[in-house]
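Structure below is structure02.txt: compact mmCIF, C-alpha atoms and all ligand atoms.
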# COMPACT_ATOMS: atom_id res chain seq x y z
CA MET E 6 -31.72 -25.52 21.83
CA CYS E 7 -29.89 -26.36 18.57
CA ALA E 8 -26.26 -25.77 17.76
CA GLU E 9 -25.67 -22.55 15.92
CA GLY E 10 -25.11 -22.86 12.19
CA ILE E 11 -21.39 -22.60 11.83
CA GLY E 12 -19.85 -22.88 8.41
CA VAL E 13 -17.95 -26.14 8.02
CA SER E 14 -14.32 -25.16 8.27
CA ARG E 15 -12.50 -28.15 9.76
CA ILE E 16 -11.64 -30.93 7.36
CA LEU E 17 -9.89 -34.17 8.08
CA VAL E 18 -7.47 -35.23 5.38
CA ALA E 19 -6.00 -38.73 5.32
CA ASP E 20 -3.51 -39.64 2.62
CA ASP E 21 -0.40 -41.78 2.71
CA ASP E 22 1.23 -39.78 -0.06
CA ALA E 23 3.33 -36.88 1.26
CA VAL E 24 3.00 -34.76 -1.89
CA SER E 25 -0.73 -35.20 -1.93
CA ARG E 26 -0.97 -34.22 1.77
CA ARG E 27 1.07 -31.08 1.14
CA VAL E 28 -0.99 -30.03 -1.87
CA LEU E 29 -4.27 -30.64 -0.05
CA GLY E 30 -3.05 -28.80 3.03
CA THR E 31 -2.00 -25.77 1.02
CA LEU E 32 -5.19 -25.62 -1.04
CA LEU E 33 -7.57 -26.13 1.88
CA THR E 34 -5.84 -23.46 3.97
CA MET E 35 -5.93 -21.09 1.03
CA TRP E 36 -9.67 -21.67 0.67
CA GLY E 37 -10.26 -20.86 4.32
CA TYR E 38 -10.58 -24.38 5.72
CA GLU E 39 -8.73 -25.72 8.72
CA PRO E 40 -7.28 -29.05 7.63
CA GLU E 41 -6.29 -31.76 10.10
CA ILE E 42 -3.92 -33.98 8.22
CA VAL E 43 -2.97 -37.59 8.94
CA ASP E 44 -1.09 -40.15 6.84
CA ASN E 45 -3.08 -43.32 7.60
CA GLY E 46 -6.56 -44.75 7.95
CA LEU E 47 -6.35 -45.73 11.61
CA ASP E 48 -5.59 -42.18 12.72
CA ALA E 49 -8.37 -40.94 10.47
CA GLN E 50 -10.83 -43.33 12.08
CA ARG E 51 -9.71 -42.41 15.59
CA ILE E 52 -10.20 -38.71 14.91
CA LEU E 53 -13.54 -39.10 13.13
CA LEU E 54 -15.05 -41.19 15.93
CA LYS E 55 -14.10 -38.64 18.60
CA GLU E 56 -16.59 -36.14 19.94
CA GLY E 57 -16.30 -32.81 18.16
CA ALA E 58 -14.65 -34.42 15.12
CA PRO E 59 -14.50 -32.57 11.81
CA LYS E 60 -17.71 -33.19 9.88
CA LEU E 61 -16.01 -33.16 6.50
CA ALA E 62 -13.34 -35.68 5.52
CA ILE E 63 -11.19 -36.24 2.47
CA LEU E 64 -9.94 -39.81 2.54
CA ASP E 65 -7.51 -41.38 0.19
CA TRP E 66 -8.86 -44.73 -0.88
CA MET E 67 -5.53 -46.53 -1.17
CA MET E 68 -3.61 -46.44 2.08
CA PRO E 69 -1.60 -49.21 3.72
CA GLY E 70 -3.26 -50.73 6.78
CA MET E 71 -6.77 -49.37 6.97
CA ASP E 72 -7.79 -47.84 3.66
CA GLY E 73 -10.24 -45.03 3.07
CA LEU E 74 -13.04 -47.40 2.17
CA GLN E 75 -12.74 -49.23 5.49
CA VAL E 76 -12.73 -45.96 7.38
CA VAL E 77 -16.04 -45.03 5.75
CA LYS E 78 -17.52 -48.45 6.43
CA GLU E 79 -16.62 -48.23 10.12
CA LEU E 80 -18.00 -44.73 10.29
CA ARG E 81 -21.32 -45.76 8.80
CA ALA E 82 -21.54 -48.95 10.87
CA ASP E 83 -22.83 -47.04 13.89
CA PRO E 84 -26.25 -45.65 12.98
CA ASN E 85 -26.51 -43.82 16.32
CA ARG E 86 -23.65 -41.46 15.68
CA PRO E 87 -24.97 -38.06 16.72
CA SER E 88 -23.67 -36.13 13.74
CA TYR E 89 -23.01 -36.94 10.15
CA THR E 90 -19.57 -36.96 8.54
CA TYR E 91 -19.49 -36.06 4.88
CA VAL E 92 -16.82 -38.16 3.19
CA LEU E 93 -15.12 -37.46 -0.09
CA LEU E 94 -13.02 -40.38 -1.32
CA LEU E 95 -9.93 -39.67 -3.34
CA THR E 96 -9.16 -42.47 -5.69
CA SER E 97 -6.81 -43.34 -8.46
CA LYS E 98 -9.25 -46.08 -9.31
CA GLY E 99 -11.54 -45.06 -12.07
CA GLN E 100 -13.51 -48.16 -12.88
CA LYS E 101 -17.23 -47.83 -12.60
CA GLU E 102 -17.39 -50.82 -10.23
CA ASP E 103 -14.81 -49.23 -7.94
CA ILE E 104 -16.71 -45.98 -7.75
CA LEU E 105 -19.94 -47.81 -7.02
CA ALA E 106 -18.20 -49.81 -4.28
CA GLY E 107 -17.01 -46.56 -2.69
CA LEU E 108 -20.45 -45.01 -2.75
CA ASP E 109 -22.00 -48.25 -1.52
CA ALA E 110 -19.62 -48.30 1.41
CA GLY E 111 -21.06 -44.95 2.46
CA ALA E 112 -18.84 -42.36 0.80
CA ASP E 113 -20.79 -39.28 -0.22
CA ASP E 114 -18.67 -38.34 -3.18
CA TYR E 115 -15.42 -39.24 -4.90
CA LEU E 116 -12.76 -37.52 -6.91
CA LYS E 117 -10.21 -39.13 -9.17
CA LYS E 118 -6.53 -38.52 -8.57
CA PRO E 119 -4.87 -36.43 -9.81
CA PHE E 120 -7.72 -34.08 -8.99
CA ASP E 121 -8.56 -30.70 -10.39
CA ALA E 122 -8.33 -28.09 -7.64
CA GLN E 123 -11.41 -26.13 -8.67
CA GLN E 124 -13.43 -29.30 -8.90
CA LEU E 125 -12.34 -30.28 -5.40
CA ARG E 126 -13.29 -26.84 -4.11
CA ALA E 127 -16.75 -27.09 -5.68
CA ARG E 128 -17.29 -30.61 -4.27
CA LEU E 129 -16.36 -29.40 -0.80
CA ARG E 130 -18.91 -26.61 -1.08
CA VAL E 131 -21.55 -29.21 -1.91
CA GLY E 132 -20.50 -31.20 1.16
CA SER E 133 -20.74 -28.14 3.37
CA ARG E 134 -24.19 -27.34 2.00
CA ILE E 135 -25.43 -30.85 2.69
CA LEU E 136 -24.03 -30.76 6.23
CA GLU E 137 -25.74 -27.44 6.87
CA LEU E 138 -29.06 -28.81 5.57
CA GLN E 139 -28.67 -31.84 7.82
CA ARG E 140 -27.96 -29.62 10.82
CA ARG E 141 -31.09 -27.57 10.12
CA LEU E 142 -33.21 -30.70 9.79
CA VAL E 143 -31.99 -32.10 13.10
CA CYS E 144 -32.57 -28.72 14.70
CA ALA E 145 -36.13 -28.48 13.32
CA LEU E 146 -36.85 -31.98 14.59
CA GLU E 147 -35.54 -31.20 18.07
CA THR E 148 -37.50 -27.95 18.16
CA SER E 149 -40.74 -29.56 17.08
CA GLU E 150 -40.28 -32.40 19.57
CA TYR E 151 -39.64 -29.88 22.32
CA ARG E 152 -42.70 -27.84 21.35
CA ALA E 153 -44.85 -30.94 21.24
CA THR E 154 -43.92 -31.99 24.77
CA HIS E 155 -43.38 -28.72 26.65
CA ASP E 156 -45.64 -26.02 27.92
CA PHE E 157 -44.67 -22.75 26.24
CA LEU E 158 -45.25 -20.60 29.31
CA SER E 159 -43.67 -22.58 32.11
CA GLY E 160 -41.14 -24.60 30.13
CA LEU E 161 -42.35 -27.68 32.02
CA TYR E 162 -43.78 -30.79 30.39
CA ASN E 163 -47.21 -30.09 28.96
CA ARG E 164 -50.25 -32.07 29.96
CA ALA E 165 -49.85 -34.78 27.33
CA ALA E 166 -46.18 -35.29 28.14
CA ILE E 167 -46.62 -35.52 31.90
CA ILE E 168 -49.50 -37.96 31.41
CA ASP E 169 -47.12 -40.00 29.24
CA VAL E 170 -44.66 -40.09 32.13
CA LEU E 171 -47.45 -41.18 34.44
CA THR E 172 -48.58 -43.86 32.01
CA ARG E 173 -45.05 -45.27 31.91
CA GLU E 174 -44.89 -45.31 35.71
CA VAL E 175 -48.20 -47.15 35.90
CA SER E 176 -46.91 -49.76 33.42
CA ARG E 177 -43.74 -50.18 35.45
CA TRP E 178 -45.82 -50.62 38.58
CA GLU E 179 -47.87 -53.31 36.83
CA ARG E 180 -44.69 -55.13 35.74
CA GLU E 181 -42.39 -54.66 38.69
CA HIS E 182 -44.56 -53.23 41.45
CA THR E 183 -42.33 -50.19 41.74
CA LEU E 184 -44.18 -47.74 43.89
CA PHE E 185 -44.64 -44.09 43.03
CA SER E 186 -46.81 -41.19 44.11
CA VAL E 187 -48.35 -38.24 42.34
CA CYS E 188 -48.98 -34.76 43.65
CA ILE E 189 -51.37 -32.27 42.11
CA ALA E 190 -50.45 -28.74 43.18
CA ASP E 191 -52.96 -26.00 42.53
CA VAL E 192 -52.32 -22.27 43.00
CA ASP E 193 -54.76 -20.89 45.58
CA HIS E 194 -57.08 -18.09 44.42
CA PHE E 195 -55.24 -17.78 41.12
CA LYS E 196 -58.18 -15.98 39.55
CA ASP E 197 -57.82 -13.26 42.19
CA ILE E 198 -54.12 -12.88 41.29
CA ASN E 199 -55.05 -12.42 37.63
CA ASP E 200 -57.88 -10.03 38.48
CA THR E 201 -55.80 -7.95 40.88
CA TYR E 202 -52.43 -7.79 39.17
CA GLY E 203 -53.29 -8.60 35.56
CA HIS E 204 -52.74 -11.64 33.38
CA LEU E 205 -49.10 -10.87 32.62
CA ALA E 206 -48.34 -10.92 36.33
CA GLY E 207 -50.38 -14.12 36.59
CA ASP E 208 -48.24 -15.69 33.87
CA GLU E 209 -45.11 -14.57 35.67
CA VAL E 210 -46.40 -16.18 38.88
CA LEU E 211 -46.78 -19.50 37.03
CA LYS E 212 -43.26 -19.22 35.57
CA ARG E 213 -41.72 -18.49 38.97
CA LEU E 214 -43.62 -21.32 40.63
CA SER E 215 -42.50 -23.70 37.89
CA LEU E 216 -38.87 -22.81 38.50
CA ARG E 217 -39.34 -23.12 42.25
CA MET E 218 -40.91 -26.56 41.95
CA GLN E 219 -38.20 -27.80 39.60
CA SER E 220 -35.51 -26.66 41.99
CA LEU E 221 -37.16 -28.45 44.91
CA LEU E 222 -37.71 -31.79 43.20
CA ARG E 223 -35.28 -34.67 42.98
CA THR E 224 -33.60 -35.22 39.62
CA TYR E 225 -35.75 -38.25 38.85
CA ASP E 226 -39.08 -36.61 39.71
CA SER E 227 -41.12 -35.18 36.85
CA VAL E 228 -43.33 -32.15 36.87
CA GLY E 229 -45.68 -30.82 34.22
CA ARG E 230 -48.33 -28.20 33.77
CA TYR E 231 -51.50 -30.21 34.17
CA GLY E 232 -54.01 -27.43 33.73
CA GLY E 233 -54.19 -23.62 33.92
CA GLU E 234 -52.74 -23.23 37.40
CA GLU E 235 -52.39 -26.93 38.21
CA PHE E 236 -49.13 -28.84 38.26
CA LEU E 237 -48.68 -32.58 38.28
CA ILE E 238 -45.64 -34.05 40.00
CA ILE E 239 -44.64 -37.69 39.69
CA ALA E 240 -42.35 -38.98 42.43
CA PRO E 241 -40.95 -42.45 41.76
CA HIS E 242 -40.26 -44.82 44.67
CA CYS E 243 -42.24 -42.70 47.13
CA ASP E 244 -45.14 -43.78 49.29
CA SER E 245 -47.78 -41.24 50.25
CA VAL E 246 -46.03 -40.07 53.41
CA GLU E 247 -42.77 -39.49 51.62
CA ALA E 248 -44.49 -37.81 48.70
CA ALA E 249 -46.36 -35.64 51.18
CA ALA E 250 -42.99 -34.54 52.56
CA ILE E 251 -41.95 -33.47 49.07
CA ALA E 252 -45.29 -31.71 48.61
CA GLU E 253 -44.92 -29.99 51.98
CA ARG E 254 -41.46 -28.77 51.03
CA ILE E 255 -42.92 -27.21 47.90
CA ARG E 256 -45.91 -25.74 49.74
CA SER E 257 -43.87 -24.17 52.54
CA SER E 258 -41.20 -22.85 50.18
CA ILE E 259 -43.82 -21.11 48.06
CA ALA E 260 -45.76 -19.75 51.04
CA MET E 261 -42.60 -18.45 52.73
CA ASP E 262 -41.71 -15.62 50.34
CA GLU E 263 -43.93 -13.21 48.50
CA LEU E 264 -43.14 -12.97 44.80
CA ARG E 265 -41.84 -9.62 43.64
CA ILE E 266 -43.27 -9.03 40.21
CA ASP E 267 -42.90 -5.55 38.72
CA GLN E 268 -43.92 -3.15 41.47
CA PHE E 269 -46.05 -5.77 43.24
CA SER E 270 -45.28 -8.09 46.07
CA ILE E 271 -47.65 -11.02 45.58
CA ALA E 272 -48.39 -13.58 48.25
CA VAL E 273 -48.90 -16.93 46.59
CA THR E 274 -49.82 -20.27 48.15
CA VAL E 275 -50.55 -23.69 46.75
CA SER E 276 -52.70 -26.57 47.89
CA VAL E 277 -51.50 -30.07 47.12
CA GLY E 278 -53.25 -33.43 46.88
CA VAL E 279 -51.12 -36.57 47.10
CA SER E 280 -51.94 -40.11 46.08
CA THR E 281 -49.96 -43.31 45.66
CA ILE E 282 -50.27 -46.11 43.16
CA GLY E 283 -51.75 -49.23 44.70
CA SER E 284 -54.32 -51.92 44.16
CA ARG E 285 -57.11 -49.42 44.65
CA ASN E 286 -55.45 -46.71 42.54
CA GLY E 287 -53.88 -48.93 39.91
CA THR E 288 -54.67 -46.94 36.77
CA VAL E 289 -53.73 -43.54 35.42
CA SER E 290 -57.21 -42.18 35.93
CA ALA E 291 -57.65 -43.71 39.40
CA VAL E 292 -54.40 -42.36 40.79
CA LEU E 293 -55.15 -38.94 39.33
CA HIS E 294 -58.69 -39.01 40.61
CA ALA E 295 -57.46 -39.85 44.11
CA ALA E 296 -54.92 -37.00 44.08
CA ASP E 297 -57.60 -34.67 42.80
CA ALA E 298 -59.95 -35.70 45.63
CA ALA E 299 -57.18 -35.04 48.16
CA LEU E 300 -56.55 -31.64 46.56
CA TYR E 301 -60.23 -30.85 46.79
CA ARG E 302 -60.11 -31.67 50.48
CA ALA E 303 -57.05 -29.43 50.97
CA LYS E 304 -59.00 -26.58 49.38
CA GLY E 305 -61.98 -27.28 51.61
CA LEU E 306 -59.84 -27.30 54.73
CA GLY E 307 -58.60 -23.77 54.13
CA ARG E 308 -56.00 -24.05 51.28
CA ASN E 309 -52.21 -23.64 51.60
CA ARG E 310 -51.96 -27.22 52.79
CA VAL E 311 -51.11 -30.77 51.72
CA GLU E 312 -53.65 -33.59 51.93
CA ILE E 313 -53.03 -37.28 51.30
CA ASP E 314 -55.51 -39.54 49.61
CA THR E 315 -56.92 -41.69 52.39
CA THR E 316 -56.83 -44.88 50.32
CA SER E 317 -53.03 -44.60 49.91
CA PRO E 318 -51.56 -46.21 53.03
CA PRO E 319 -47.86 -45.61 53.81
CA GLN E 320 -45.58 -48.44 52.81
CA ASN E 321 -41.97 -49.26 53.30
CA THR E 322 -40.13 -47.75 50.37
CA VAL E 323 -36.78 -46.36 49.41
CA CYS E 324 -37.86 -42.85 48.59
CA ALA E 325 -35.14 -40.36 49.43
CA VAL E 326 -36.74 -37.05 50.24
CA VAL E 327 -33.79 -34.89 49.37
CA SER E 328 -33.76 -31.85 47.24
CA ARG E 329 -31.37 -31.07 44.40
CA ARG E 330 -30.09 -28.07 46.31
MG MG E 401 -2.71 -43.64 -1.34

In structure tokens, write the structure found in this file.
Amino acid sequence: MCAEGIGVSRILVADDDAVSRRVLGTLLTMWGYEPEIVDNGLDAQRILLKEGAPKLAILDWMMPGMDGLQVVKELRADPNRPSYTYVLLLTSKGQKEDILAGLDAGADDYLKKPFDAQQLRARLRVGSRILELQRRLVCALETSEYRATHDFLSGLYNRAAIIDVLTREVSRWEREHTLFSVCIADVDHFKDINDTYGHLAGDEVLKRLSLRMQSLLRTYDSVGRYGGEEFLIIAPHCDSVEAAAIAERIRSSIAMDELRIDQFSIAVTVSVGVSTIGSRNGTVSAVLHAADAALYRAKGLGRNRVEIDTTSPPQNTVCAVVSRR
């Protein structure tokens, strides 16, 4: 999920002084870095704003045209930049006010010219460490967000997350009257599958069905694990007839092939209840309740079938019942 921790090796160097560029290039290469060297601020900015830019930069403060300070300011002006650039300013200025201005502009560190090589090397190690810490933090955040919203077994949205999606669709319907339907798909006789083939096989059945459903839905549909063997699908812009066509595609695809799990060939079917948002089903709980009632009827009528909530009349919509494949 997160980018691998790779040591920071690429460094952008911007300096208008040829001697300084040569010294920096030699030192950085000797220390195992891969320097990208430019002689002005504009080129530095262009490179740093590109995707896949070096995350570490050594910028000379004083350069004609755009100076190092401006480059940093521009870089920090966009708070949505996906990754952080650690900037070390090189300056012949030594006044306290100048240094504070550099740090205020967003530089992470500074070094006075002429610089001591070992000091520069140590400062770069600090920069690399900070970048690595930042990468780990972002990674931990992404992982915890993923865990909080996804079901560990199926990889689908978990119950809370899919209800969130539904809640947003209900709000949109209230605002803009954009129609959508929900389908609750329930694995038939799932307890028997667990009892006959064991719980590990049962888990595998759920994983395979999750993948199958995802592959059959449109890109803008959402599916989540609603309960043990129950899945909730939200199909935007679909009335009940169109949503029933999506549900039928899922039902027939699952019923068509037996699942080969270990040495077993397991016949699996699902029953699906469909309901559509409308004046009579205008809340999260009402639309779910209606789909649940339709599902209950599908079970009663022999399972392996799709039933539509009777209070959801077909309407003229723009639902495209096409699969991703
Ligand atoms: Mg200069």

Counting all atoms listed in the file, what residues are within 9 Å of ligand MG 401 (chain E), given as a PyMOL selection string?
chain E and resi 19-22+25+45+65-69+72-73+95-97

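Taking all atoms listed in the file into account, E:Thr316 lies nearest to E:Val279 out of the set E:Ile255, E:Cys243, E:Ala303, E:Val279.
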
Residue with the minimum atom-to-atom distance to E:Asp197, picked from E:Val273, E:Val92, E:Pro119, E:Leu29 with all atoms listed in the file counted, is E:Val273

Report the centre and edge lengths, in Å to one decimal, of an axis-aligned box enclosing every atom of stretch 158-162 of chain E listed in the file, padded by 3 Å on each side, as lines of an AutoDock Vina configuration file.
center_x = -43.2
center_y = -25.7
center_z = 30.7
size_x = 10.1
size_y = 16.2
size_z = 8.8

Exercise for review: To one decimal in Å, tell me the separation between atom CA of E:Arg310 and atom CA of E:Asp267.
Suggested key: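 These two atoms are separated by 27.4 Å.
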
Considering all atoms listed in the file, tabulate each residue of stretch 181-225 of chain E that lies at most 8 Å from stretch 287-302 of chain E along with its nearest interatomic pair and the corresponding distance in Å to one decimal; arrange the rows by chain and ascending residue number and present them as a Markdown table.
| residue | atom | partner | partner_atom | distance |
| --- | --- | --- | --- | --- |
| E:Val187 | CA | E:Ala296 | CA | 6.9 |
| E:Cys188 | CA | E:Ala296 | CA | 6.4 |
| E:Ile189 | CA | E:Ala296 | CA | 6.2 |
| E:Ala190 | CA | E:Leu300 | CA | 7.6 |
| E:Asp191 | CA | E:Leu300 | CA | 7.8 |

Q. Residues around (-45.1, -41.7, 33.7), cut-off 10 Å, counting only C-alpha atoms - what are they as a VMD selection string?
A. chain E and resid 166 to 177 185 187 226 to 227 238 to 241 289

Item to check | Radius query 8 Å about (-41.2, -30.4, 47.9), atoms used: only C-alpha atoms, as a ChimeraX atom specification | outcome: /E:218,221-222,250-256,258,328

ask   = Of the residues E:Glu79, E:Asp113, E:Asp103, E:Glu235, which is the one nearest to E:Ile63, using only C-alpha atoms?
value =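 Result for the nearest residue to E:Ile63: E:Asp113.
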
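One finds atom CA of E:Ile282 at 24.2 Å from atom CA of E:Arg308.
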
TODO: Report the distance between atom CA of E:Asp156 and atom CA of E:Arg230 in Å, rounded to one decimal place.
DONE: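 Answer for the atom CA of E:Asp156 to atom CA of E:Arg230 separation: 6.8 Å.
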
Compile a residue-level contact table for stretch 192-236 of chain E against stretch 158-163 of chain E at a cut-off of 10 Å, reporting for every qualifying residue the shortest atom pair and its distance in Å to one decimal, with only C-alpha atoms counted, rows ordered by chain and ascending number, as CSV.
residue,atom,partner,partner_atom,distance
E:Asp208,CA,E:Leu158,CA,7.3
E:Glu209,CA,E:Leu158,CA,8.8
E:Val210,CA,E:Ser159,CA,9.7
E:Leu211,CA,E:Ser159,CA,6.6
E:Lys212,CA,E:Ser159,CA,4.8
E:Arg213,CA,E:Ser159,CA,8.2
E:Leu214,CA,E:Ser159,CA,8.6
E:Ser215,CA,E:Ser159,CA,6.0
E:Leu216,CA,E:Ser159,CA,8.0
E:Gln219,CA,E:Leu161,CA,8.6
E:Ser227,CA,E:Tyr162,CA,8.3
E:Val228,CA,E:Tyr162,CA,6.6
E:Gly229,CA,E:Tyr162,CA,4.3
E:Arg230,CA,E:Asn163,CA,5.3
E:Tyr231,CA,E:Asn163,CA,6.8
E:Gly232,CA,E:Asn163,CA,8.7
E:Phe236,CA,E:Leu161,CA,9.3

Hey, could you patch up stretch 287-309 of chain E with N, CA, C and O atoms and hand it over as an mmCIF file, in the coordinates of the input?
data_model
loop_
_atom_site.group_PDB
_atom_site.id
_atom_site.type_symbol
_atom_site.label_atom_id
_atom_site.label_comp_id
_atom_site.auth_asym_id
_atom_site.auth_seq_id
_atom_site.Cartn_x
_atom_site.Cartn_y
_atom_site.Cartn_z
ATOM 1 N N GLY E 287 -54.832 -48.309 40.824
ATOM 2 C CA GLY E 287 -53.880 -48.930 39.910
ATOM 3 C C GLY E 287 -53.949 -48.504 38.460
ATOM 4 O O GLY E 287 -53.375 -49.168 37.605
ATOM 5 N N THR E 288 -54.639 -47.413 38.162
ATOM 6 C CA THR E 288 -54.670 -46.940 36.770
ATOM 7 C C THR E 288 -54.341 -45.450 36.758
ATOM 8 O O THR E 288 -54.358 -44.792 37.799
ATOM 9 N N VAL E 289 -54.049 -44.962 35.568
ATOM 10 C CA VAL E 289 -53.730 -43.540 35.420
ATOM 11 C C VAL E 289 -54.878 -42.696 35.956
ATOM 12 O O VAL E 289 -54.691 -41.780 36.773
ATOM 13 N N SER E 290 -56.091 -43.025 35.530
ATOM 14 C CA SER E 290 -57.210 -42.180 35.930
ATOM 15 C C SER E 290 -57.503 -42.324 37.420
ATOM 16 O O SER E 290 -57.823 -41.339 38.093
ATOM 17 N N ALA E 291 -57.338 -43.531 37.978
ATOM 18 C CA ALA E 291 -57.650 -43.710 39.400
ATOM 19 C C ALA E 291 -56.666 -42.961 40.288
ATOM 20 O O ALA E 291 -57.064 -42.314 41.264
ATOM 21 N N VAL E 292 -55.393 -43.032 39.940
ATOM 22 C CA VAL E 292 -54.400 -42.360 40.790
ATOM 23 C C VAL E 292 -54.557 -40.835 40.687
ATOM 24 O O VAL E 292 -54.408 -40.108 41.672
ATOM 25 N N LEU E 293 -54.912 -40.376 39.491
ATOM 26 C CA LEU E 293 -55.150 -38.940 39.330
ATOM 27 C C LEU E 293 -56.412 -38.505 40.074
ATOM 28 O O LEU E 293 -56.448 -37.463 40.732
ATOM 29 N N HIS E 294 -57.419 -39.316 39.964
ATOM 30 C CA HIS E 294 -58.690 -39.010 40.610
ATOM 31 C C HIS E 294 -58.494 -38.914 42.130
ATOM 32 O O HIS E 294 -59.017 -38.012 42.788
ATOM 33 N N ALA E 295 -57.700 -39.840 42.670
ATOM 34 C CA ALA E 295 -57.460 -39.850 44.110
ATOM 35 C C ALA E 295 -56.687 -38.606 44.551
ATOM 36 O O ALA E 295 -56.988 -38.003 45.585
ATOM 37 N N ALA E 296 -55.688 -38.211 43.740
ATOM 38 C CA ALA E 296 -54.920 -37.000 44.080
ATOM 39 C C ALA E 296 -55.813 -35.773 43.986
ATOM 40 O O ALA E 296 -55.725 -34.850 44.801
ATOM 41 N N ASP E 297 -56.677 -35.780 42.993
ATOM 42 C CA ASP E 297 -57.600 -34.670 42.800
ATOM 43 C C ASP E 297 -58.567 -34.548 43.990
ATOM 44 O O ASP E 297 -58.866 -33.444 44.460
ATOM 45 N N ALA E 298 -59.039 -35.699 44.477
ATOM 46 C CA ALA E 298 -59.950 -35.700 45.630
ATOM 47 C C ALA E 298 -59.239 -35.152 46.870
ATOM 48 O O ALA E 298 -59.810 -34.377 47.657
ATOM 49 N N ALA E 299 -57.962 -35.538 47.026
ATOM 50 C CA ALA E 299 -57.180 -35.040 48.160
ATOM 51 C C ALA E 299 -56.964 -33.531 48.032
ATOM 52 O O ALA E 299 -57.052 -32.786 49.019
ATOM 53 N N LEU E 300 -56.711 -33.090 46.802
ATOM 54 C CA LEU E 300 -56.550 -31.640 46.560
ATOM 55 C C LEU E 300 -57.830 -30.897 46.911
ATOM 56 O O LEU E 300 -57.799 -29.844 47.559
ATOM 57 N N TYR E 301 -58.921 -31.453 46.509
ATOM 58 C CA TYR E 301 -60.230 -30.850 46.790
ATOM 59 C C TYR E 301 -60.428 -30.696 48.297
ATOM 60 O O TYR E 301 -60.917 -29.676 48.791
ATOM 61 N N ARG E 302 -59.990 -31.728 49.018
ATOM 62 C CA ARG E 302 -60.110 -31.670 50.480
ATOM 63 C C ARG E 302 -59.183 -30.588 51.062
ATOM 64 O O ARG E 302 -59.562 -29.853 51.962
ATOM 65 N N ALA E 303 -57.982 -30.477 50.507
ATOM 66 C CA ALA E 303 -57.050 -29.430 50.970
ATOM 67 C C ALA E 303 -57.655 -28.047 50.761
ATOM 68 O O ALA E 303 -57.522 -27.163 51.614
ATOM 69 N N LYS E 304 -58.337 -27.875 49.650
ATOM 70 C CA LYS E 304 -59.000 -26.580 49.380
ATOM 71 C C LYS E 304 -60.087 -26.348 50.406
ATOM 72 O O LYS E 304 -60.212 -25.263 50.967
ATOM 73 N N GLY E 305 -60.860 -27.400 50.665
ATOM 74 C CA GLY E 305 -61.980 -27.280 51.610
ATOM 75 C C GLY E 305 -61.527 -26.997 53.028
ATOM 76 O O GLY E 305 -62.226 -26.331 53.801
ATOM 77 N N LEU E 306 -60.349 -27.476 53.356
ATOM 78 C CA LEU E 306 -59.840 -27.300 54.730
ATOM 79 C C LEU E 306 -59.068 -25.995 54.894
ATOM 80 O O LEU E 306 -58.363 -25.809 55.883
ATOM 81 N N GLY E 307 -59.185 -25.108 53.926
ATOM 82 C CA GLY E 307 -58.600 -23.770 54.130
ATOM 83 C C GLY E 307 -57.461 -23.424 53.191
ATOM 84 O O GLY E 307 -56.893 -22.359 53.287
ATOM 85 N N ARG E 308 -57.071 -24.302 52.267
ATOM 86 C CA ARG E 308 -56.000 -24.050 51.280
ATOM 87 C C ARG E 308 -54.621 -23.927 51.948
ATOM 88 O O ARG E 308 -54.519 -24.031 53.156
ATOM 89 N N ASN E 309 -53.590 -23.718 51.111
ATOM 90 C CA ASN E 309 -52.210 -23.640 51.600
ATOM 91 C C ASN E 309 -51.893 -24.835 52.487
ATOM 92 O O ASN E 309 -51.328 -24.703 53.555
#
